[in-house]
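Chemist: My structure is below; once you've seen it, I'll send some questions.
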Amino acid sequence: MSGSIKDRVAIVGMGCTRFGELWGKGPSDLIVEAVHEACADAGIQIKDIEAAWAGSIFSGHGGRSVSEPLRLKYIPITHVVNACASGHDAVRNASYSVAAGIYDIVLAVGFEKIKDEGMSGLPGMDNVTHTHAVATMPGMFAMMATKYFHRYGLSPQEGKTMLAKISVKSHYNGSLNPKAHLRNVLTVERVLNAPIIAWPLGLFDCCGVSDGGAAAIITSADLAKKFRPDPVYIKALQICASPTSGRVTTDYDFTHVEEGYRAGIAAYKEAGIKNPRKEISMAEVHDCFSITEAVTMEDLQFSPRGKVKDDIDAGIFELNGALPVQPDGGLKCFGHPIGASGIRMLYELYLQLQGRAGKRQIKNPKLGLAHNMGHEPLAPTVSVCIVGL
Amino acid sequence: MIGITSYGAYIPWHRIDRQQFAKAWGGFAIPGERAIASYDEDSLTMAVEAALDCLRDIDPPAVDGLLFATTTSPYKEKLCSATMALALHLRRDIQTADITGSLRSGTTAIGFALDAIKAKRTNSMLVTASDTRMAAPSGINEQALGDSAAALLLGKKNVIAEILDSYSISDELAATWRSETDTFIRAWEDRMVMDESYSKVMPEAISGLMKKSGIGPKDIAKVVFDPPGDVRRHGRVAAELGFEPAQLLDPAGIFMNLGLLGSAMSLIMLVSALEQAEPGEKILFAGYGNGADAFLLQVTDAIKKLGEHRGFARNMESKCMMTNYNDYLRWREIVPVDQARRPERGHISVAANWRQRKDILGLWGIKCRRCKTPQYDNGGITTTPIRVCAVCGAVDDFDDYDFSRRKATVFSYTQDQLAPAADPPSSVVLIDFEDGGRMLFDLTDRNPDEVKVGMKVEMTFRKVYFDRGITNYYWKARPIRC
């Protein structure tokens, strides 16, 4: 394998709706608002889009789900379904089409209308024989927390306090973001006293459940500066799908995500990064649950194995820390409209790199990393995207 | 020699103090407690558990037939013993039949099994009797009934109790009944049933058998027969027949601790008698219900060589007291309850169930012939059946591997408060099997506070889903019971 996407394509326009329980908005609102903002940002018209990739797992059904609300006329559109990595995979496919020299201007859009279900959590994903244990997504990730605490000798109080600090940090960042769903500031005490959802995870260890949409306009590196002076270049696009052996064989430790680790290694190789902790300026990772963010810090080699607690306690991942994580508030505050999340993460990195992040602005960032983890820890699909100036 | 070659029993882990019924409804509480099948159990699953106990040291393919006796079959139309045969790993070329509708279906099944073996139609037959009868809330029968199952293996080899003779009486009386549309049992006045049926039929069957066999009460070491609704009448019948109290297997203890167990009652009593039996003893055994079946048994030396079984005594001691009556109402779906705000589960596919019948009902996995790794997968939409080894990548180069009878250790767990559960929280465990293989399972019959990493578990057959009249049966983990 010799190919690399590094510096071959660039994002020149992005859009993102406010995320939240958008009772009054349907999928077309989310798509039209995100894409129109992205086009305006890139200074192009809808008709300039030559091809599109749409990420969504519940709200979309084929490429028409995007052409119809936008009235995109007679262009190729592909619907990408790849669990929580659907948004990143839409960007990946769109980028490859440009890198291959097929198109000059393409659209990647992610969207999800979750809150039409009338219940908390995500719509169901049972297997056909109903033999899967009756656990929710919080339950599946909670088992990773149980095992992490057990392996590293953390008492429930110590482990839960470590996780609480993750949520407190993200909520502070989210409070600064007008597009976030949840904008309340938390305390460790409040997180610890919240009702249990799936032991040991409590309410504030879980991300919100929201509607939202986000979009990116992608062009070739050669053309990028014709659209804007500060395009954001793609440095790496990697996806790692599980062979699902974690659920079947006894060698998986359940305190890391092998697919996340491998997607990270592949992305660092593609981007030419030797020391991720030093070289990455900021990260938006898949914090569907607090434990997921903790383990991801180790999978991405930001923290040594079993040592993320030290970095959390030292404030490394806070907005003013050495490696800010979830500067926009993360899934914790944005919720997780599945197809939209990956592109929402890139939207924050894009704004930060261009110095447009307002109160959340990180000083002089060079490289940003976005990470999505689909399904559950025993059988995940993980994407890692790296972007930079 | 034809007779019983092994026995087993299953008593649900959950019991309720009968005071809970009186607390809910007022009025009188029968002393003691009763056994209650969990929300994920029915007569079929309990019969499987009793049969597994019975077959503990027996190679399942050696069994030539299976009879399921019950008044509470989960199906009006569909053979339950065919489902059970897959869970028990029995062969395909066997007799399977459900014997339903009568409280003496258990003893009727023993008679049929005996005849089939005598007629050389089969060499062995597994008889199971199981009941989960329901009486309408607030009535005395709600307190009196209990849920349990028993299993007896009949055959010619290693007979522990030879069946010497049998005798039956048929009697027409609507003592208890349920029509096609009744959920709860109905009963005629107790006193008439006892005066005109039980107190006449049982002596007729027992004395008829003694006369036919040319023996008297003094030749019998133990007399084992099920009681009527008023348990005190049992002793009176025995006395009238000339038996001393010491000869009786007294049903009072079973009634006080478990309740009236329907078609399983007489068989559970026999299992209890066999647990205490000595070689050479004669046991007179009978079951009542629209008549009676009586059998004369002689215990052999082989009973001393029978391996360990949970049987009656150990099952009886292992219990968890339910703390309220509401759980019983919820588990039996007697009152409608609020549904969890969670996604509706999809329909049952008979085709998918059938395709995977062996690994779903029998918990058969695979063992890779190349790397020797045992594997099973119950998670993904596209992951079953396993065609490619998860470790070495070998394709279709596997042997069948039985996970159902293996013990495992909890690798991690959660107590999920959000998942819909009849007995919240939903306890879910990732378990490592003793000789390899890892799986995710629901954990049942557990105290949530006692679940931890490293806990030992075993597999138990349960119902997991109901849709459009079909019940999906599958396996769950449970802490090692006793």
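We name chains A, B, ... following the order of the structure tokens; residues begin at 1 in each chain, and ligands are numbered from 1 as shown.
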For chain B, list the residues within 7 Å of chain A, counting only C-alpha atoms, and write the list as a PDB file with C-alpha atoms, in the first residue's frame.

Modeler:
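Written file, part_4.pdb:
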```
ATOM      1  CA  ARG B 341     -39.328   3.611  26.805  1.00  0.00           C
ATOM      2  CA  ARG B 342     -37.083   1.542  24.629  1.00  0.00           C
ATOM      3  CA  PRO B 343     -37.261   0.513  20.982  1.00  0.00           C
ATOM      4  CA  GLU B 344     -39.677  -2.241  20.108  1.00  0.00           C
ATOM      5  CA  ARG B 345     -37.895  -5.454  19.278  1.00  0.00           C
ATOM      6  CA  ILE B 348     -39.459 -13.461  15.493  1.00  0.00           C
ATOM      7  CA  SER B 349     -38.368 -15.169  12.294  1.00  0.00           C
ATOM      8  CA  ALA B 352     -33.928 -17.821  11.291  1.00  0.00           C
ATOM      9  CA  ASN B 353     -34.833 -19.817  14.402  1.00  0.00           C
ATOM     10  CA  GLN B 375     -16.080 -20.433  19.608  1.00  0.00           C
ATOM     11  CA  TYR B 376     -19.679 -19.287  19.661  1.00  0.00           C
ATOM     12  CA  ASP B 377     -21.206 -16.043  18.455  1.00  0.00           C
ATOM     13  CA  ASN B 378     -24.606 -14.684  19.395  1.00  0.00           C
ATOM     14  CA  GLY B 379     -23.990 -11.022  18.743  1.00  0.00           C
ATOM     15  CA  GLY B 380     -24.050  -9.677  15.256  1.00  0.00           C
ATOM     16  CA  ILE B 381     -26.507  -9.691  12.410  1.00  0.00           C
ATOM     17  CA  ALA B 390     -11.915 -15.930  14.572  1.00  0.00           C
ATOM     18  CA  SER B 412     -17.004  -8.278  33.038  1.00  0.00           C
ATOM     19  CA  TYR B 413     -20.573  -7.257  33.749  1.00  0.00           C
ATOM     20  CA  THR B 414     -23.023  -4.406  33.995  1.00  0.00           C
ATOM     21  CA  GLN B 415     -26.283  -3.811  35.810  1.00  0.00           C
ATOM     22  CA  ASP B 416     -28.284  -2.023  33.131  1.00  0.00           C
ATOM     23  CA  GLN B 417     -31.075   0.155  34.526  1.00  0.00           C
ATOM     24  CA  LEU B 418     -32.156   1.447  31.125  1.00  0.00           C
ATOM     25  CA  ALA B 419     -32.761  -1.882  29.393  1.00  0.00           C
ATOM     26  CA  SER B 426     -30.814  -6.155  33.394  1.00  0.00           C
ATOM     27  CA  VAL B 428     -25.462  -8.729  31.556  1.00  0.00           C
ATOM     28  CA  ASP B 432     -15.162 -16.962  29.642  1.00  0.00           C
ATOM     29  CA  GLY B 436     -12.107 -21.538  26.034  1.00  0.00           C
ATOM     30  CA  GLY B 437     -14.734 -19.450  24.293  1.00  0.00           C
ATOM     31  CA  ARG B 438     -16.239 -16.143  25.335  1.00  0.00           C
ATOM     32  CA  MET B 439     -19.832 -14.986  25.110  1.00  0.00           C
ATOM     33  CA  LEU B 440     -22.164 -12.238  26.165  1.00  0.00           C
ATOM     34  CA  PHE B 441     -25.241 -13.422  28.067  1.00  0.00           C
ATOM     35  CA  ASP B 442     -28.057 -12.253  30.247  1.00  0.00           C
ATOM     36  CA  TYR B 474     -32.362 -19.630  24.597  1.00  0.00           C
TER      37      TYR B 474
END
```

Chemist: Any idea what's packed within 8 Å of A:Ser210, counting only C-alpha atoms, ignoring anything in its chain fewer than 5 positions away? Could you give it as a list in words?

Modeler: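 These residues fall inside the cut-off: Phe19, Gly20, Glu21, Leu22, Lys113, Ile114, Lys115, His181, Phe334, Gly335, His336 and Pro337 of chain A.
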
Chemist: Name the closest residue to A:Pro69 among the candidates A:Ser56, A:Gln45, A:Ser28, A:Asn177; distances are taken between atoms, counting only C-alpha atoms.

Modeler: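 Closest candidate: A:Ser28.
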
Chemist: Identify which of the residues B:Leu267, B:Ala97, B:Leu88, B:Ile283 lies closest to B:Ala113, counting only C-alpha atoms when measuring atom-to-atom distances.

Modeler: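 Once distances to B:Ala113 are computed over only C-alpha atoms, the minimum belongs to B:Ala97.
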
Chemist: Determine which residues of stretch 85-221 of chain A DSSP labels as helix (DSSP H, G or I) from the backbone of this structure, then write them out as a PyMOL selection string.

Modeler: chain A and resi 86-99+137-151+156-175+188-192+203-205+221

Chemist: Convert the current residue selection to file output with C-alpha atoms, as an mmCIF file, in the first residue's frame.

Modeler:
```cif
data_model
loop_
_atom_site.group_PDB
_atom_site.id
_atom_site.type_symbol
_atom_site.label_atom_id
_atom_site.label_comp_id
_atom_site.auth_asym_id
_atom_site.auth_seq_id
_atom_site.Cartn_x
_atom_site.Cartn_y
_atom_site.Cartn_z
ATOM 1 C CA SER A 86 -20.704 7.029 8.819
ATOM 2 C CA GLY A 87 -19.906 10.770 8.785
ATOM 3 C CA HIS A 88 -16.173 10.236 8.621
ATOM 4 C CA ASP A 89 -16.639 7.577 5.968
ATOM 5 C CA ALA A 90 -18.648 10.018 3.851
ATOM 6 C CA VAL A 91 -15.711 12.452 4.090
ATOM 7 C CA ARG A 92 -13.275 9.663 3.278
ATOM 8 C CA ASN A 93 -15.123 8.576 0.151
ATOM 9 C CA ALA A 94 -15.682 12.151 -0.992
ATOM 10 C CA SER A 95 -11.961 12.910 -0.480
ATOM 11 C CA TYR A 96 -10.869 9.839 -2.407
ATOM 12 C CA SER A 97 -13.016 10.831 -5.393
ATOM 13 C CA VAL A 98 -11.283 14.208 -5.512
ATOM 14 C CA ALA A 99 -7.823 12.704 -4.971
ATOM 15 C CA MET A 137 -25.382 0.846 24.599
ATOM 16 C CA PRO A 138 -24.694 2.344 28.049
ATOM 17 C CA GLY A 139 -24.660 -1.247 29.329
ATOM 18 C CA MET A 140 -22.189 -2.456 26.714
ATOM 19 C CA PHE A 141 -19.774 0.398 27.467
ATOM 20 C CA ALA A 142 -20.359 0.083 31.208
ATOM 21 C CA MET A 143 -18.809 -3.383 31.025
ATOM 22 C CA MET A 144 -15.625 -1.742 29.735
ATOM 23 C CA ALA A 145 -15.618 0.552 32.787
ATOM 24 C CA THR A 146 -16.179 -2.415 35.111
ATOM 25 C CA LYS A 147 -13.190 -4.160 33.569
ATOM 26 C CA TYR A 148 -11.003 -1.039 33.482
ATOM 27 C CA PHE A 149 -11.599 -0.402 37.190
ATOM 28 C CA HIS A 150 -10.966 -4.057 37.952
ATOM 29 C CA ARG A 151 -7.762 -4.309 35.924
ATOM 30 C CA PRO A 156 -15.726 2.364 42.260
ATOM 31 C CA GLN A 157 -15.258 5.786 43.865
ATOM 32 C CA GLU A 158 -11.831 6.330 42.269
ATOM 33 C CA GLY A 159 -12.936 5.077 38.892
ATOM 34 C CA LYS A 160 -16.153 7.051 38.841
ATOM 35 C CA THR A 161 -14.334 10.209 39.954
ATOM 36 C CA MET A 162 -11.855 9.819 37.107
ATOM 37 C CA LEU A 163 -14.746 9.503 34.662
ATOM 38 C CA ALA A 164 -16.656 12.386 36.259
ATOM 39 C CA LYS A 165 -13.780 14.778 35.543
ATOM 40 C CA ILE A 166 -14.069 13.909 31.842
ATOM 41 C CA SER A 167 -17.729 14.942 31.770
ATOM 42 C CA VAL A 168 -17.112 18.083 33.826
ATOM 43 C CA LYS A 169 -14.424 19.167 31.365
ATOM 44 C CA SER A 170 -16.632 18.567 28.317
ATOM 45 C CA HIS A 171 -19.612 20.370 29.825
ATOM 46 C CA TYR A 172 -17.458 23.415 30.523
ATOM 47 C CA ASN A 173 -16.411 23.479 26.862
ATOM 48 C CA GLY A 174 -19.981 22.900 25.734
ATOM 49 C CA SER A 175 -21.184 25.804 27.853
ATOM 50 C CA VAL A 188 -17.716 16.283 39.972
ATOM 51 C CA GLU A 189 -20.055 15.930 42.926
ATOM 52 C CA ARG A 190 -23.140 16.305 40.750
ATOM 53 C CA VAL A 191 -21.849 13.740 38.257
ATOM 54 C CA LEU A 192 -21.137 11.256 41.051
ATOM 55 C CA LEU A 203 -26.504 9.818 33.804
ATOM 56 C CA PHE A 204 -23.652 12.286 33.209
ATOM 57 C CA ASP A 205 -21.315 9.549 31.996
ATOM 58 C CA ALA A 221 -5.315 20.822 -2.655
#
```

Chemist: Show me, as a ChimeraX atom specification, the residues that have an atom within 12 Å of B:Arg236 when counting only C-alpha atoms, minus same-chain residues fewer than 6 positions from it.

Modeler: /B:194-195,198-200,202-203,227-228,230,242-245,248,250

Chemist: Considering only C-alpha atoms, return as a PDB file with N, CA and C atoms, in the first residue's frame whatever protein or nucleic-acid residues lie within 9 Å of B:Gly208, sequence-local ones (same chain, fewer than 6 positions apart) excluded.

Modeler:
```pdb
ATOM      1  N   TYR B 167     -51.043 -50.299  37.837  1.00  0.00           N
ATOM      2  CA  TYR B 167     -52.508 -50.439  37.886  1.00  0.00           C
ATOM      3  C   TYR B 167     -53.109 -49.049  37.726  1.00  0.00           C
ATOM      4  N   SER B 168     -54.184 -48.940  36.952  1.00  0.00           N
ATOM      5  CA  SER B 168     -54.776 -47.612  36.732  1.00  0.00           C
ATOM      6  C   SER B 168     -56.280 -47.619  36.921  1.00  0.00           C
ATOM      7  N   ILE B 169     -56.791 -46.476  37.312  1.00  0.00           N
ATOM      8  CA  ILE B 169     -58.236 -46.245  37.451  1.00  0.00           C
ATOM      9  C   ILE B 169     -58.573 -45.001  36.649  1.00  0.00           C
ATOM     10  N   ALA B 294     -50.968 -46.257  39.501  1.00  0.00           N
ATOM     11  CA  ALA B 294     -50.134 -46.723  40.607  1.00  0.00           C
ATOM     12  C   ALA B 294     -49.068 -47.680  40.074  1.00  0.00           C
TER      13      ALA B 294
END
```

Chemist: Check the DSSP output for the backbone and give back, as an MDAnalysis selection string, the residues of stretch 195-338 of chain B in strand (DSSP E).

Modeler: chainID B and resid 222:225 282:288 291:299 320:321

Chemist: Could the residues in this selection be written to a file with C-alpha atoms, as a compact mmCIF listing (two decimals), in the first residue's frame?

Modeler:
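This went into result-v5.txt:
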```txt
# COMPACT_ATOMS: atom_id res chain seq x y z
CA LYS B 222 -42.34 -46.28 51.27
CA VAL B 223 -45.69 -45.24 49.89
CA VAL B 224 -45.53 -42.19 47.67
CA PHE B 225 -48.68 -40.56 46.32
CA LYS B 282 -40.30 -51.64 47.67
CA ILE B 283 -41.88 -48.28 46.84
CA LEU B 284 -45.54 -47.91 46.01
CA PHE B 285 -45.99 -44.83 43.89
CA ALA B 286 -49.22 -43.27 42.58
CA GLY B 287 -50.45 -40.12 40.88
CA TYR B 288 -53.98 -38.67 40.97
CA GLY B 291 -58.40 -41.33 38.13
CA ALA B 292 -55.03 -42.61 39.28
CA ASP B 293 -51.98 -44.55 38.10
CA ALA B 294 -50.13 -46.72 40.61
CA PHE B 295 -46.73 -48.41 40.24
CA LEU B 296 -44.83 -50.89 42.35
CA LEU B 297 -41.08 -50.28 42.42
CA GLN B 298 -38.21 -52.24 43.85
CA VAL B 299 -34.99 -50.38 44.59
CA CYS B 320 -34.32 -16.58 46.99
CA MET B 321 -37.30 -15.07 48.78
```

Chemist: For B:Asp182, find every residue with an atom within 12 Å (counting only C-alpha atoms), except residues of its own chain fewer than 2 positions away, and show them as a PyMOL selection string.

Modeler: chain B and resi 72+133-136+176-180+184-186

Chemist: Using only C-alpha atoms, please write the residues we just selected to a file, as a PDB file, in the first residue's frame.

Modeler:
```pdb
ATOM      1  CA  THR B  72     -49.493 -25.844  31.283  1.00  0.00           C
ATOM      2  CA  ARG B 133     -50.455 -23.540  36.995  1.00  0.00           C
ATOM      3  CA  MET B 134     -52.080 -20.236  37.789  1.00  0.00           C
ATOM      4  CA  ALA B 135     -55.043 -19.480  39.991  1.00  0.00           C
ATOM      5  CA  ALA B 136     -56.903 -16.181  39.916  1.00  0.00           C
ATOM      6  CA  THR B 176     -60.228 -28.750  38.525  1.00  0.00           C
ATOM      7  CA  TRP B 177     -60.318 -27.585  34.943  1.00  0.00           C
ATOM      8  CA  ARG B 178     -59.425 -24.883  32.462  1.00  0.00           C
ATOM      9  CA  SER B 179     -61.279 -24.367  29.210  1.00  0.00           C
ATOM     10  CA  GLU B 180     -59.465 -23.388  26.052  1.00  0.00           C
ATOM     11  CA  PHE B 184     -56.705 -19.548  35.700  1.00  0.00           C
ATOM     12  CA  ILE B 185     -57.768 -22.930  37.003  1.00  0.00           C
ATOM     13  CA  ARG B 186     -61.364 -23.416  38.101  1.00  0.00           C
TER      14      ARG B 186
END
```

Chemist: What separation in Å, quoted to one decimal, exists between atom CA of A:Pro76 and atom CA of A:Ala108?

Modeler: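 Between atom CA of A:Pro76 and atom CA of A:Ala108 the gap is 12.3 Å.
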
Chemist: Can you measure atom CA of B:Leu145 to atom CA of B:Gly259 for me? One decimal in Å is fine.

Modeler: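 Interatomic distance here is 4.8 Å.
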
Chemist: Neighbours of stretch 1-12 of chain A within 8 Å (only C-alpha atoms; same-chain residues fewer than 3 positions away dropped), as a list in words?

Modeler: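 So the residues in contact are Asp41, Ala42, Ser95, Tyr96, Val98, Ala99, Ala216, Ile217, Ile218, Thr219, Ser220, Ala221, Asp222, Ala224, Phe227, Arg228, Asp230, Pro231, Val232, Tyr233, Ile234, Lys235, Ala236, Leu237, Glu270 and Ala271 of chain A.
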
Chemist: Using only C-alpha atoms, which residues sit within 12 Å of A:Lys73 once same-chain residues fewer than 4 positions away are excluded, as JSON, numbers by chain?

Modeler: {"A": [46, 47, 48, 49, 50, 51, 52, 64, 66, 67, 68, 69, 77]}

Chemist: Which value, in Å to one decimal, gives the distance between atom CA of A:Arg18 and atom CA of A:Lys179?

Modeler: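 So the two atoms, atom CA of A:Arg18 and atom CA of A:Lys179, lie 4.2 Å apart.
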